[in-house]
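See below for the structure under consideration.
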Amino acid sequence: MNVNAIREQFPILHQQINGHPLVYLDSAATSQKPRSVIDAVSRYYEMDNANVHRGVHTLGSRATDAYEGAREKVAAFLNAASTQEIIFTRGTTTALNLVASSYARAVCGEGDEIVITQMEHHSNLIPWQQVAKATGATLKYIPLEKDGSITLANAEATITDRTKIVSIMYVSNVLGVINPIKEITAIAHRHGAKMVVDGAQSTPHMKVDVQDLDCDFYAFSGHKMCAPTGIGALYGKKALLEEMEPIEFGGEMIDHVDLHDSTWKELPWKFEGGTPIIAGAVGLGAAIDFLTEIGLDEIEKHEHKLAAYAYERLSTIDGISIFGPVDNRAGLVTFNLNDVHPHDVATVLDTKGIAVRAGHHCCQPLMRYLNVSSTARASFYLYNTEEDVDRLVDGLQQTKEFFGYGIG
């Protein structure tokens, strides 16, 4: 994988921040966009802008072809059995809320269980809190190990015959943990539970085969995988999606409307009321083309190498705490520099042109488990290099000097 050639395709990376070349280490929050994606969105607005599924004129037909063509790309990217199993959403949050509000509230009741983990992003925690409150179901947590990982033994002990839903992130946005989703799915299914996967941090970085995982639902966001913001998708097994009721009503999702009753279109359109995110879907399709051409296996290999290098280099800094496992780590490193607040760390690094994330990362329960209020996080993608890691390490050493930590 030629990282320098890849970097040339990202216009935003070729600028200076505060007098220094930009080092962008916040791709877990949102990735940058290659020229091919920017051009695809621009071309849609310049040449094909029209509403979909409605007009028979040329622009409407071209827009519809582009929108549905993007759905075909998503289905192939995830190895879904059918395009009917792909629902376009605003992103992972919307997709998970759709499952919680439409499916889970219908199947959960008093005494049933919903199983998640303490590492979950708020988007995969709060919806299940709300389902539990509304239905009387019990929210249970698979215990975490000291390094933040989960074991299959603990999953087996937590999931029971009363469990209706198991919902877990594939990759932790804080710890870098890669969870054994396929094996946990098998445990869930043995107990008659459905498996929901938060794929926000996995889909951009590794090959995902939903049929091999056998998960029942899988959610992801486009903006973390080189696509525009405001677009994502929910994969769901067709039989489950067919039994679910839509939660948004209006144009486009209807089949027949009478004065007192209505019927819905077939999948996937019954869940896509109103004018959809057409340009976003076009951009997502272009992003999938871009990532597929490079190869997800190559991207994953590159990021794992970077994460290992970053862990090794950061470990040499006196007074640093690194969270998450040493091995089996996705492309990010979360850390704290002792006695320096993460926000201060990020601010000083920004003066050096280095962009990292600081805060609770939408994982407040996990922060409490780690006994911290917030952390700093450097997250890598296909356009990052070992030189970026070296710049980060140098910046952290300068941060220590700036705050007088470890001096004298």
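In the structure tokens, chains take the letters A, B, ... in the order shown, each chain's residues start at 1, and ligands count up from 1 in the order shown.
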
**OP:** Enumerate, as a PyMOL selection string, the complete set of residues in range 231-373 of chain A that a backbone-based DSSP assignment places in alpha helix (DSSP H).
**Re:** chain A and resi 238-243+278-294+296-314+342-351+364-369

Original post:
Within 7 Å of range 133-139 of chain A, counting only C-alpha atoms, which residues qualify if same-chain residues fewer than 4 places away don't, as a list in words?
Top reply: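 Answer for this query is Arg105, Cys108, Gly109, Glu110, Gly111, Asp112, Glu113, Ile114, Val115 and Gln129 of chain A.
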
If you keep N, CA and C atoms, can you produce a file of those selected residues as a CSV table (one decimal), in the first residue's frame?
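Writing the result to part-v8.csv gives the following:
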```
chain,number,residue,atom,x,y,z
A,105,ARG,N,-38.5,-2.5,21.0
A,105,ARG,CA,-39.7,-2.2,21.8
A,105,ARG,C,-40.9,-3.1,21.6
A,108,CYS,N,-39.5,-6.8,23.4
A,108,CYS,CA,-39.1,-6.8,24.8
A,108,CYS,C,-40.3,-6.6,25.8
A,109,GLY,N,-40.2,-7.2,26.9
A,109,GLY,CA,-41.2,-7.0,27.9
A,109,GLY,C,-40.7,-7.2,29.3
A,110,GLU,N,-41.5,-7.1,30.3
A,110,GLU,CA,-41.1,-7.3,31.7
A,110,GLU,C,-40.4,-8.6,31.9
A,111,GLY,N,-39.2,-8.5,32.5
A,111,GLY,CA,-38.4,-9.7,32.8
A,111,GLY,C,-37.4,-10.1,31.7
A,112,ASP,N,-37.6,-9.5,30.5
A,112,ASP,CA,-36.6,-9.8,29.4
A,112,ASP,C,-35.3,-9.0,29.6
A,113,GLU,N,-34.3,-9.4,28.9
A,113,GLU,CA,-33.0,-8.8,29.1
A,113,GLU,C,-32.4,-8.3,27.8
A,114,ILE,N,-31.7,-7.2,28.0
A,114,ILE,CA,-30.9,-6.6,26.9
A,114,ILE,C,-29.5,-6.5,27.4
A,115,VAL,N,-28.6,-7.1,26.6
A,115,VAL,CA,-27.2,-7.2,27.1
A,115,VAL,C,-26.3,-6.4,26.2
A,129,GLN,N,-31.2,1.9,27.2
A,129,GLN,CA,-31.7,2.4,28.4
A,129,GLN,C,-33.2,2.7,28.2
```

Test item: residues at most 8 Å from range 24-32 of chain A, only C-alpha atoms, excluding those fewer than 4 positions along its chain, as a PDB file with N, CA and C atoms, in the first residue's frame:
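What ended up in selection.pdb:
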```pdb
ATOM      1  N   PHE A  10      -5.990  13.322  -0.834  1.00  0.00           N
ATOM      2  CA  PHE A  10      -6.749  14.005   0.216  1.00  0.00           C
ATOM      3  C   PHE A  10      -6.319  15.468   0.280  1.00  0.00           C
ATOM      4  N   ILE A  12      -7.250  18.063   1.900  1.00  0.00           N
ATOM      5  CA  ILE A  12      -7.210  18.739   3.199  1.00  0.00           C
ATOM      6  C   ILE A  12      -5.899  18.502   3.940  1.00  0.00           C
ATOM      7  N   LEU A  13      -5.212  17.413   3.632  1.00  0.00           N
ATOM      8  CA  LEU A  13      -3.992  17.074   4.357  1.00  0.00           C
ATOM      9  C   LEU A  13      -2.820  17.962   3.968  1.00  0.00           C
ATOM     10  N   ASN A 173     -14.146   2.625  20.274  1.00  0.00           N
ATOM     11  CA  ASN A 173     -13.594   3.915  19.855  1.00  0.00           C
ATOM     12  C   ASN A 173     -12.660   4.518  20.898  1.00  0.00           C
ATOM     13  N   GLN A 201     -16.791   1.827  14.087  1.00  0.00           N
ATOM     14  CA  GLN A 201     -15.331   1.843  14.083  1.00  0.00           C
ATOM     15  C   GLN A 201     -14.715   0.638  13.377  1.00  0.00           C
ATOM     16  N   HIS A 223     -19.289   8.820   7.315  1.00  0.00           N
ATOM     17  CA  HIS A 223     -18.288   9.874   7.487  1.00  0.00           C
ATOM     18  C   HIS A 223     -17.001   9.383   8.123  1.00  0.00           C
ATOM     19  N   LYS A 224     -17.007   8.201   8.718  1.00  0.00           N
ATOM     20  CA  LYS A 224     -15.777   7.632   9.276  1.00  0.00           C
ATOM     21  C   LYS A 224     -15.019   6.797   8.247  1.00  0.00           C
ATOM     22  N   MET A 225     -15.571   6.657   7.045  1.00  0.00           N
ATOM     23  CA  MET A 225     -14.957   5.822   6.007  1.00  0.00           C
ATOM     24  C   MET A 225     -14.856   6.578   4.688  1.00  0.00           C
ATOM     25  N   CYS A 226     -14.479   7.857   4.791  1.00  0.00           N
ATOM     26  CA  CYS A 226     -14.167   8.701   3.630  1.00  0.00           C
ATOM     27  C   CYS A 226     -15.395   9.241   2.899  1.00  0.00           C
ATOM     28  N   LEU A 332      -5.932   2.860  16.836  1.00  0.00           N
ATOM     29  CA  LEU A 332      -6.011   4.044  17.688  1.00  0.00           C
ATOM     30  C   LEU A 332      -5.303   3.756  19.003  1.00  0.00           C
ATOM     31  N   ILE A 354      -0.931  19.240  15.186  1.00  0.00           N
ATOM     32  CA  ILE A 354      -1.320  17.839  15.409  1.00  0.00           C
ATOM     33  C   ILE A 354      -2.732  17.798  15.973  1.00  0.00           C
ATOM     34  N   ALA A 355      -3.626  17.130  15.276  1.00  0.00           N
ATOM     35  CA  ALA A 355      -5.035  17.064  15.680  1.00  0.00           C
ATOM     36  C   ALA A 355      -5.323  15.727  16.347  1.00  0.00           C
ATOM     37  N   VAL A 356      -5.623  15.762  17.656  1.00  0.00           N
ATOM     38  CA  VAL A 356      -6.082  14.580  18.386  1.00  0.00           C
ATOM     39  C   VAL A 356      -7.395  14.928  19.073  1.00  0.00           C
ATOM     40  N   ARG A 357      -8.083  13.925  19.556  1.00  0.00           N
ATOM     41  CA  ARG A 357      -9.343  14.130  20.259  1.00  0.00           C
ATOM     42  C   ARG A 357      -9.110  14.046  21.763  1.00  0.00           C
ATOM     43  N   ARG A 377      -6.881  10.944  22.591  1.00  0.00           N
ATOM     44  CA  ARG A 377      -6.914   9.802  21.674  1.00  0.00           C
ATOM     45  C   ARG A 377      -6.310  10.194  20.331  1.00  0.00           C
ATOM     46  N   ALA A 378      -5.380   9.378  19.866  1.00  0.00           N
ATOM     47  CA  ALA A 378      -4.840   9.496  18.518  1.00  0.00           C
ATOM     48  C   ALA A 378      -5.362   8.318  17.702  1.00  0.00           C
ATOM     49  N   SER A 379      -6.054   8.611  16.624  1.00  0.00           N
ATOM     50  CA  SER A 379      -6.627   7.538  15.805  1.00  0.00           C
ATOM     51  C   SER A 379      -6.116   7.665  14.375  1.00  0.00           C
ATOM     52  N   PHE A 380      -5.814   6.512  13.793  1.00  0.00           N
ATOM     53  CA  PHE A 380      -5.106   6.453  12.515  1.00  0.00           C
ATOM     54  C   PHE A 380      -6.011   5.928  11.407  1.00  0.00           C
ATOM     55  N   TYR A 381      -5.613   6.278  10.164  1.00  0.00           N
ATOM     56  CA  TYR A 381      -6.334   5.750   9.013  1.00  0.00           C
ATOM     57  C   TYR A 381      -5.341   5.501   7.893  1.00  0.00           C
ATOM     58  N   ASN A 384      -2.285   7.875   7.267  1.00  0.00           N
ATOM     59  CA  ASN A 384      -1.305   8.214   8.300  1.00  0.00           C
ATOM     60  C   ASN A 384      -0.026   7.405   8.143  1.00  0.00           C
TER      61      ASN A 384
END
```

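Coordinates place CA of Lys164 in chain A at a distance of 16.1 Å from CA of Leu241 in chain A.
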
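Using only C-alpha atoms, the smallest distance between any of A:Ala63, A:Ile294, A:Ile159, A:Ile231 and Arg190 in chain A comes from A:Ile159.
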
**OP:** Record the distance separating CA of Ala76 in chain A and CA of Gly283 in chain A, expressed in Å with one decimal.
**Re:**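 Computing it gives 15.9 Å between the two atoms.
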
Subject >> 7 Å contact set for Asn336 in chain A, only C-alpha atoms, chain neighbours under 3 positions out, as a list of chain:residue names >> reply: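 The filter keeps A:Ile320, A:Ser321, A:Ile322, A:Pro342, A:Thr375, A:Ala376.
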
Since we have the selection now, will you write its residues out, keeping N, CA and C atoms, as an mmCIF file, in the first residue's frame?
```
data_model
loop_
_atom_site.group_PDB
_atom_site.id
_atom_site.type_symbol
_atom_site.label_atom_id
_atom_site.label_comp_id
_atom_site.auth_asym_id
_atom_site.auth_seq_id
_atom_site.Cartn_x
_atom_site.Cartn_y
_atom_site.Cartn_z
ATOM 1 N N ILE A 320 3.158 8.595 31.143
ATOM 2 C CA ILE A 320 2.007 8.396 30.266
ATOM 3 C C ILE A 320 1.268 7.135 30.668
ATOM 4 N N SER A 321 -0.056 7.170 30.594
ATOM 5 C CA SER A 321 -0.908 6.002 30.812
ATOM 6 C C SER A 321 -1.616 5.688 29.505
ATOM 7 N N ILE A 322 -1.497 4.450 29.041
ATOM 8 C CA ILE A 322 -2.127 4.021 27.794
ATOM 9 C C ILE A 322 -3.219 3.022 28.128
ATOM 10 N N PRO A 342 -6.289 16.231 29.531
ATOM 11 C CA PRO A 342 -6.326 15.889 28.106
ATOM 12 C C PRO A 342 -6.652 17.066 27.192
ATOM 13 N N THR A 375 -9.869 11.412 28.397
ATOM 14 C CA THR A 375 -8.590 10.934 27.881
ATOM 15 C C THR A 375 -8.283 11.665 26.576
ATOM 16 N N ALA A 376 -7.053 11.534 26.121
ATOM 17 C CA ALA A 376 -6.671 11.971 24.777
ATOM 18 C C ALA A 376 -6.608 10.739 23.881
#
```

Original post:
as a list in words, which residues of range 198-318 of chain A does DSSP assign to strand (DSSP E or B)?
Top reply: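 Going through range 198-318 of chain A, the strand (DSSP E or B) residues come out as Asp198, Phe217, Tyr218, Ala219, Phe220, Ser221, Gly232, Ala233, Leu234, Tyr235, Gly236, Ile254, Asp255, His256, Val257, Ser262, Thr263 and Trp264 of chain A.
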
**OP:** Find the residues around Lys146 in chain A up to 12 Å (only C-alpha atoms counted), leave out those fewer than 5 positions away in its own chain, and share them as a list in words.
**Re:**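 My list of contacting residues is Thr151, Leu175, Phe323, Gly324, Pro325, Val326, Leu366, Tyr369, Leu370 and Asn371 of chain A.
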
Original post:
Which residues come within 8 Å of Pro143 in chain A, counting only C-alpha atoms, excluding same-chain residues fewer than 5 positions away, as a ChimeraX atom specification?
Top reply: /A:117-118,150,154

Could the residues in this selection be saved with N, CA, C and O atoms as a tab-separated table (two decimals), in the first residue's frame?
```tsv
chain	number	residue	atom	x	y	z
A	117	THR	N	-22.27	-3.81	26.78
A	117	THR	CA	-21.05	-3.73	27.58
A	117	THR	C	-20.84	-2.31	28.05
A	117	THR	O	-21.44	-1.38	27.54
A	118	GLN	N	-19.94	-2.16	29.01
A	118	GLN	CA	-19.66	-0.85	29.57
A	118	GLN	C	-18.76	-0.01	28.66
A	118	GLN	O	-18.57	1.18	28.91
A	150	ILE	N	-13.43	-8.04	26.56
A	150	ILE	CA	-14.44	-8.95	27.11
A	150	ILE	C	-14.08	-10.38	26.72
A	150	ILE	O	-13.51	-10.62	25.66
A	154	ASN	N	-17.32	-14.62	30.00
A	154	ASN	CA	-18.20	-13.62	30.61
A	154	ASN	C	-19.44	-13.37	29.77
A	154	ASN	O	-20.53	-13.12	30.30
```

Subject >> Spatial neighbours of Leu98 in chain A, 9 Å, only C-alpha atoms, chain gap at least 6 places, as a PyMOL selection string >> reply: chain A and resi 234+246-247+271

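Distance check against Tyr383 in chain A using only C-alpha atoms: of A:His205, A:Ser315, A:Val107, A:Leu337, the minimum falls on A:His205.
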
Original post:
With only C-alpha atoms as the basis for distance, which of A:Val208, A:Met367, A:Ala100, A:Ile142 is at the shortest distance from Ile126 in chain A?
Top reply: A:Ala100

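With CA of Ala346 in chain A on one side and CA of Arg368 in chain A on the other, the separation reads 20.7 Å.
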
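Distance annotation: of A:Met244, A:Val196, A:Val257, A:Leu349, the residue with the minimal separation from His20 in chain A is A:Leu349; atom set is only C-alpha atoms.
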
Subject >> Distance criterion (only C-alpha atoms): nearest to Glu120 in chain A out of A:Ala75, A:Val166, A:Ala104, A:Ala50 >> reply: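 For Glu120 in chain A, the nearest of the given residues is A:Val166.
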